[in-house]
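Worksheet: the structure to be examined is printed underneath.
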Amino acid sequence: MRALVVAAIAVAITGASATAAHAAPSTSELTKKINAAQDKLEDITESYNKMNLSLKKTIADEKALTASLGPAKAKRDAASVQIGTIAAAQYMSGQVGTMNVLLEGPDGLLQRMSYIDQLSRSRQRDISDYATASQDYDSRQAALKATQDKQAATVKQLAEGKKKIKSDLAKLLAMRKAAYGQAQETGSAYTGPIPKIAGSAGRAVAYAYHQINDPYESLADGPDSFDCSGLTMAAWAAAGKSLPHNAAAQYRATARVGRADLKPGDLVFYRSLGHVGIYVGGGKIIDAPHSGTYVNLRSINVMKPYGYGRVR
């Protein structure tokens with residue numbers, strides 16, 4: 001998978017070095033290469049976020065499974081003590097052992113035999129229950145461990161891929177600086193009005209406005225830098241609502257709404273769930289665009305929207 005990830009990342013920007021070696025790229029060519037690399041980096045960032053969510057869930061599941069085994073183990077241990085007592089009595093009493101002791105009691109023969117049968121079946125049931133629970137735990141623990149190892153390996157691969165594309169992006173930004181005198185976009189503090197919106201959506205929108213000019217940073221969710229889903233997650237966290245740190249997961253966690261029904265606070269998704277921003281009204285979103293940029297107030301049509309979500 002590592003080779004595929006790195007290869008896919010390299011496709012968007014491998015032409016940059018070769019182009020630079022032969023001729024300086026035009027402004028439009030360089031912009032396209034930079035934009036492609038930036039989009040690829042954001043895709044990797046969101047994939048990394050998604051894998052981190054899966055990894056955390058796997059770890060939580062494993063802890064819950066371990067805790068759930070406790071009662072089953074206690075039940076098995078209690079049954080083992082009882083069986084050990086019976087075995088010891090049988091050994092001390094000879095071949096008939098416990099059977100003789102019980103049959104010599106005051107109750108009738110049939111009643112004493114019934115009691116022995118019930119006791120045996122009860123103890124066997126305890127052992128069987130433990131064996132089943134233990135086998136189920138062993139198999140699920142093994143599956144969870146394998147899943148966790150696989151996810152950890154994938155996260156490592158994504159991190160390596162992100163490092164590669166950031167390195168290539170840095171080269172492109174250096175080319176742009178050398179050619180045009182500017183390495184990245186510059187931000188400026190927002191001094192305009194913040195719309196008054198009632199309820200939790202108003203708090204989320206106000207939070208987003210206050211982050212304008214904070215830098216984009218992969219995997220960040222504040223308080224001073226953000227990636228795209230980190231910004232929307234933090235904005236709604238300020239309003240008391242929990243969202244996962246991943247654009248695709250946020251899409252699944254929100255209710256679908258149409259473009260005509262958009263309200264401030266709704267989320268707007270782009271690039272097949274590779275990017276997300278928060279709608280603030282008036283045909284505008286606030287989002288953390290990509291590496292080399294700042295949280296910004298932009299048109300909702302900066303890219304073709306993929307879909308819209310309302311936080312529940």
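By order in the structure tokens, chains are A, B, ...; within a chain, residues start at 1; ligands start at 1, following the order shown.
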
Produce a table with one row for each residue of stretch 171-252 of chain A that has an atom at most 12 Å from any atom of stretch 292-310 of chain A, each row naming the nearest atom pair and its distance in Å at one decimal; use only C-alpha atoms; arrange rows by chain and rising residue number; format as a tab-separated table.
residue	atom	partner	partner_atom	distance
A:Leu172	CA	A:Gly292	CA	11.3
A:Leu173	CA	A:Gly292	CA	8.6
A:Ala174	CA	A:Gly292	CA	11.7
A:Gln182	CA	A:Gly292	CA	11.0
A:Ala183	CA	A:Gly292	CA	8.2
A:Gln184	CA	A:Gly292	CA	5.3
A:Glu185	CA	A:Thr293	CA	5.5
A:Thr186	CA	A:Thr293	CA	7.0
A:Gly187	CA	A:Tyr294	CA	5.9
A:Ser188	CA	A:Tyr294	CA	8.8
A:Ala189	CA	A:Asn296	CA	9.7
A:Tyr190	CA	A:Asn296	CA	8.8
A:Thr191	CA	A:Leu297	CA	11.6
A:Gly192	CA	A:Leu297	CA	10.6
A:Pro193	CA	A:Leu297	CA	12.0
A:Ile194	CA	A:Leu297	CA	11.3
A:Ser200	CA	A:Arg310	CA	11.8
A:Ala201	CA	A:Arg310	CA	9.7
A:Val205	CA	A:Leu297	CA	11.3
A:Tyr207	CA	A:Val295	CA	11.7
A:Ala208	CA	A:Val295	CA	8.5
A:Tyr209	CA	A:Leu297	CA	8.0
A:His210	CA	A:Val295	CA	9.7
A:Gln211	CA	A:Val295	CA	6.5
A:Ile212	CA	A:Val295	CA	4.8
A:Asn213	CA	A:Tyr294	CA	5.1
A:Asp214	CA	A:Tyr294	CA	5.4
A:Pro215	CA	A:Tyr294	CA	4.2
A:Tyr216	CA	A:Tyr294	CA	5.3
A:Glu217	CA	A:Gly292	CA	8.4
A:Ser218	CA	A:Gly292	CA	10.5
A:Asp221	CA	A:Val295	CA	11.9
A:Gly222	CA	A:Val295	CA	11.3
A:Asp224	CA	A:Val295	CA	10.3
A:Ser225	CA	A:Val295	CA	8.4
A:Phe226	CA	A:Val295	CA	7.8
A:Asp227	CA	A:Val295	CA	8.8
A:Cys228	CA	A:Val295	CA	8.7
A:Ser229	CA	A:Val295	CA	11.8
A:Gly230	CA	A:Val295	CA	11.2
A:Leu231	CA	A:Val295	CA	8.5
A:Thr232	CA	A:Val295	CA	11.1
A:Trp236	CA	A:Arg310	CA	11.0
A:Lys241	CA	A:Arg310	CA	11.6
A:Leu243	CA	A:Arg310	CA	11.4
A:Ala247	CA	A:Gly309	CA	10.7
A:Ala248	CA	A:Gly307	CA	10.9
A:Ala249	CA	A:Gly309	CA	11.2
A:Gln250	CA	A:Gly309	CA	8.1
A:Tyr251	CA	A:Gly309	CA	6.2
A:Arg252	CA	A:Gly309	CA	8.5

Expected file contents, prior selection, N, CA and C atoms, as a short mmCIF file (atom, residue, chain, number, x, y, z; two decimals), in the first residue's frame:
data_model
loop_
_atom_site.label_atom_id
_atom_site.label_comp_id
_atom_site.auth_asym_id
_atom_site.auth_seq_id
_atom_site.Cartn_x
_atom_site.Cartn_y
_atom_site.Cartn_z
N LEU A 172 7.73 23.43 -4.89
CA LEU A 172 6.93 24.24 -5.81
C LEU A 172 6.74 25.65 -5.28
N LEU A 173 6.51 25.77 -3.96
CA LEU A 173 6.36 27.10 -3.38
C LEU A 173 7.65 27.90 -3.50
N ALA A 174 8.79 27.20 -3.36
CA ALA A 174 10.08 27.87 -3.53
C ALA A 174 10.24 28.35 -4.97
N GLN A 182 6.74 35.54 -4.05
CA GLN A 182 5.78 35.28 -2.97
C GLN A 182 5.67 33.76 -2.77
N ALA A 183 5.98 33.32 -1.57
CA ALA A 183 5.99 31.88 -1.32
C ALA A 183 4.62 31.33 -1.00
N GLN A 184 3.75 32.11 -0.38
CA GLN A 184 2.42 31.63 -0.03
C GLN A 184 1.47 32.80 0.09
N GLU A 185 0.20 32.48 0.15
CA GLU A 185 -0.79 33.53 0.33
C GLU A 185 -0.62 34.16 1.70
N THR A 186 -0.98 35.40 1.80
CA THR A 186 -0.90 36.08 3.08
C THR A 186 -2.30 36.36 3.59
N GLY A 187 -2.47 36.32 4.89
CA GLY A 187 -3.77 36.55 5.49
C GLY A 187 -3.83 37.93 6.12
N SER A 188 -5.01 38.40 6.32
CA SER A 188 -5.21 39.68 6.99
C SER A 188 -6.36 39.52 7.96
N ALA A 189 -6.26 40.19 9.08
CA ALA A 189 -7.27 40.05 10.13
C ALA A 189 -8.64 40.50 9.62
N TYR A 190 -9.65 39.76 9.99
CA TYR A 190 -11.02 40.11 9.60
C TYR A 190 -11.53 41.25 10.49
N THR A 191 -11.99 42.30 9.87
CA THR A 191 -12.48 43.47 10.62
C THR A 191 -13.95 43.78 10.31
N GLY A 192 -14.56 42.92 9.51
CA GLY A 192 -15.95 43.16 9.14
C GLY A 192 -16.92 42.71 10.22
N PRO A 193 -18.19 42.86 9.96
CA PRO A 193 -19.21 42.48 10.94
C PRO A 193 -19.36 40.96 11.03
N ILE A 194 -19.76 40.50 12.19
CA ILE A 194 -20.08 39.09 12.40
C ILE A 194 -21.60 39.00 12.54
N SER A 200 -27.24 27.64 18.74
CA SER A 200 -25.92 27.00 18.65
C SER A 200 -25.25 27.29 17.31
N ALA A 201 -26.04 27.40 16.24
CA ALA A 201 -25.45 27.71 14.94
C ALA A 201 -24.77 29.07 14.98
N VAL A 205 -20.86 29.74 14.05
CA VAL A 205 -20.48 30.71 13.03
C VAL A 205 -19.57 31.78 13.61
N TYR A 207 -17.56 31.55 16.11
CA TYR A 207 -16.24 30.95 16.33
C TYR A 207 -15.45 30.94 15.03
N ALA A 208 -16.09 30.53 13.94
CA ALA A 208 -15.40 30.47 12.66
C ALA A 208 -14.91 31.84 12.23
N TYR A 209 -15.74 32.87 12.43
CA TYR A 209 -15.31 34.22 12.08
C TYR A 209 -14.07 34.65 12.87
N HIS A 210 -14.01 34.26 14.12
CA HIS A 210 -12.88 34.66 14.95
C HIS A 210 -11.59 33.93 14.58
N GLN A 211 -11.69 32.88 13.77
CA GLN A 211 -10.48 32.15 13.36
C GLN A 211 -9.94 32.63 12.01
N ILE A 212 -10.64 33.55 11.35
CA ILE A 212 -10.16 34.06 10.07
C ILE A 212 -8.75 34.61 10.24
N ASN A 213 -7.86 34.22 9.34
CA ASN A 213 -6.45 34.58 9.31
C ASN A 213 -5.58 33.61 10.10
N ASP A 214 -6.18 32.60 10.79
CA ASP A 214 -5.36 31.55 11.39
C ASP A 214 -4.82 30.66 10.27
N PRO A 215 -3.60 30.16 10.38
CA PRO A 215 -3.01 29.38 9.30
C PRO A 215 -3.60 27.97 9.19
N TYR A 216 -3.61 27.47 7.97
CA TYR A 216 -3.94 26.06 7.74
C TYR A 216 -2.76 25.22 8.22
N GLU A 217 -3.08 24.13 8.91
CA GLU A 217 -2.06 23.17 9.32
C GLU A 217 -2.68 21.78 9.29
N SER A 218 -2.04 20.86 8.61
CA SER A 218 -2.55 19.50 8.52
C SER A 218 -2.73 18.91 9.91
N ASP A 221 -6.67 21.13 14.89
CA ASP A 221 -8.04 21.51 15.19
C ASP A 221 -8.10 22.66 16.20
N GLY A 222 -7.12 23.54 16.12
CA GLY A 222 -7.10 24.74 16.94
C GLY A 222 -6.13 24.61 18.11
N ASP A 224 -5.02 27.71 17.34
CA ASP A 224 -4.38 28.74 16.52
C ASP A 224 -4.15 28.33 15.07
N SER A 225 -4.41 27.09 14.72
CA SER A 225 -4.28 26.62 13.34
C SER A 225 -5.25 25.47 13.14
N PHE A 226 -5.61 25.23 11.86
CA PHE A 226 -6.65 24.26 11.57
C PHE A 226 -6.42 23.62 10.21
N ASP A 227 -6.90 22.37 10.06
CA ASP A 227 -7.17 21.86 8.72
C ASP A 227 -8.68 22.01 8.51
N CYS A 228 -9.19 21.60 7.36
CA CYS A 228 -10.57 21.95 7.03
C CYS A 228 -11.58 21.34 8.00
N SER A 229 -11.47 20.04 8.27
CA SER A 229 -12.43 19.40 9.17
C SER A 229 -12.13 19.74 10.62
N GLY A 230 -10.87 20.09 10.91
CA GLY A 230 -10.54 20.53 12.26
C GLY A 230 -11.23 21.84 12.59
N LEU A 231 -11.36 22.73 11.60
CA LEU A 231 -12.04 24.02 11.81
C LEU A 231 -13.52 23.81 12.07
N THR A 232 -14.19 23.03 11.22
CA THR A 232 -15.63 22.82 11.41
C THR A 232 -15.91 22.05 12.69
N TRP A 236 -18.13 23.82 15.85
CA TRP A 236 -19.32 23.23 16.44
C TRP A 236 -19.08 22.75 17.86
N LYS A 241 -21.56 20.94 20.30
CA LYS A 241 -21.86 19.78 19.48
C LYS A 241 -20.57 19.06 19.09
N LEU A 243 -18.37 16.70 16.61
CA LEU A 243 -18.20 16.20 15.26
C LEU A 243 -16.87 15.47 15.17
N ALA A 247 -13.73 15.03 7.16
CA ALA A 247 -14.80 15.58 6.35
C ALA A 247 -15.85 14.53 5.99
N ALA A 248 -15.41 13.34 5.55
CA ALA A 248 -16.36 12.29 5.18
C ALA A 248 -17.18 11.84 6.38
N ALA A 249 -16.54 11.73 7.55
CA ALA A 249 -17.26 11.33 8.76
C ALA A 249 -18.25 12.41 9.18
N GLN A 250 -17.90 13.68 8.97
CA GLN A 250 -18.82 14.76 9.28
C GLN A 250 -20.03 14.74 8.34
N TYR A 251 -19.80 14.35 7.11
CA TYR A 251 -20.91 14.22 6.16
C TYR A 251 -21.90 13.16 6.66
N ARG A 252 -21.37 12.04 7.13
CA ARG A 252 -22.24 10.97 7.64
C ARG A 252 -22.92 11.36 8.94
#

- How many Å separate atom CA of A:His290 from atom CA of A:Gln148?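 We find that atom CA of A:His290 and atom CA of A:Gln148 lie 29.4 Å from each other.
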
- Message: Measuring between only C-alpha atoms, which one of A:Lys57, A:Lys263, A:Lys177, A:Lys284 shows the shortest distance to A:Gln151?
- Response: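 Ranked by minimum distance to A:Gln151, first place goes to A:Lys57.
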
- Message: Using only C-alpha atoms, can you tell me which of A:Gly70, A:Gly265, A:Asn35, A:Asn52 comes closest to A:Pro195?
- Response: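 Distance minimum relative to A:Pro195 lands on A:Gly265.
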
- Residues flagged strand (DSSP E or B) by DSSP in stretch 133-279 of chain A, as a PyMOL selection string: chain A and resi 215-216+221+226+255-256+267-270+275-279

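The residue set within 12 Å of A:Ala60, counting only C-alpha atoms and dropping same-chain residues fewer than 5 places from it, reads Leu53, Ser54, Leu55, Leu65, Thr66, Ala67, Gln141, Leu144, Lys145 and Gln148 of chain A.
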
- Straight-line distance linking atom CA of A:Leu169 with atom CA of A:Gln38, stated in Å to one decimal: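 Rounded to one decimal, the two atoms are 7.2 Å apart.
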
- Query: atom CA of A:Tyr48 and atom CA of A:His245 are how many Å apart?
  - Reply: 9.9 Å
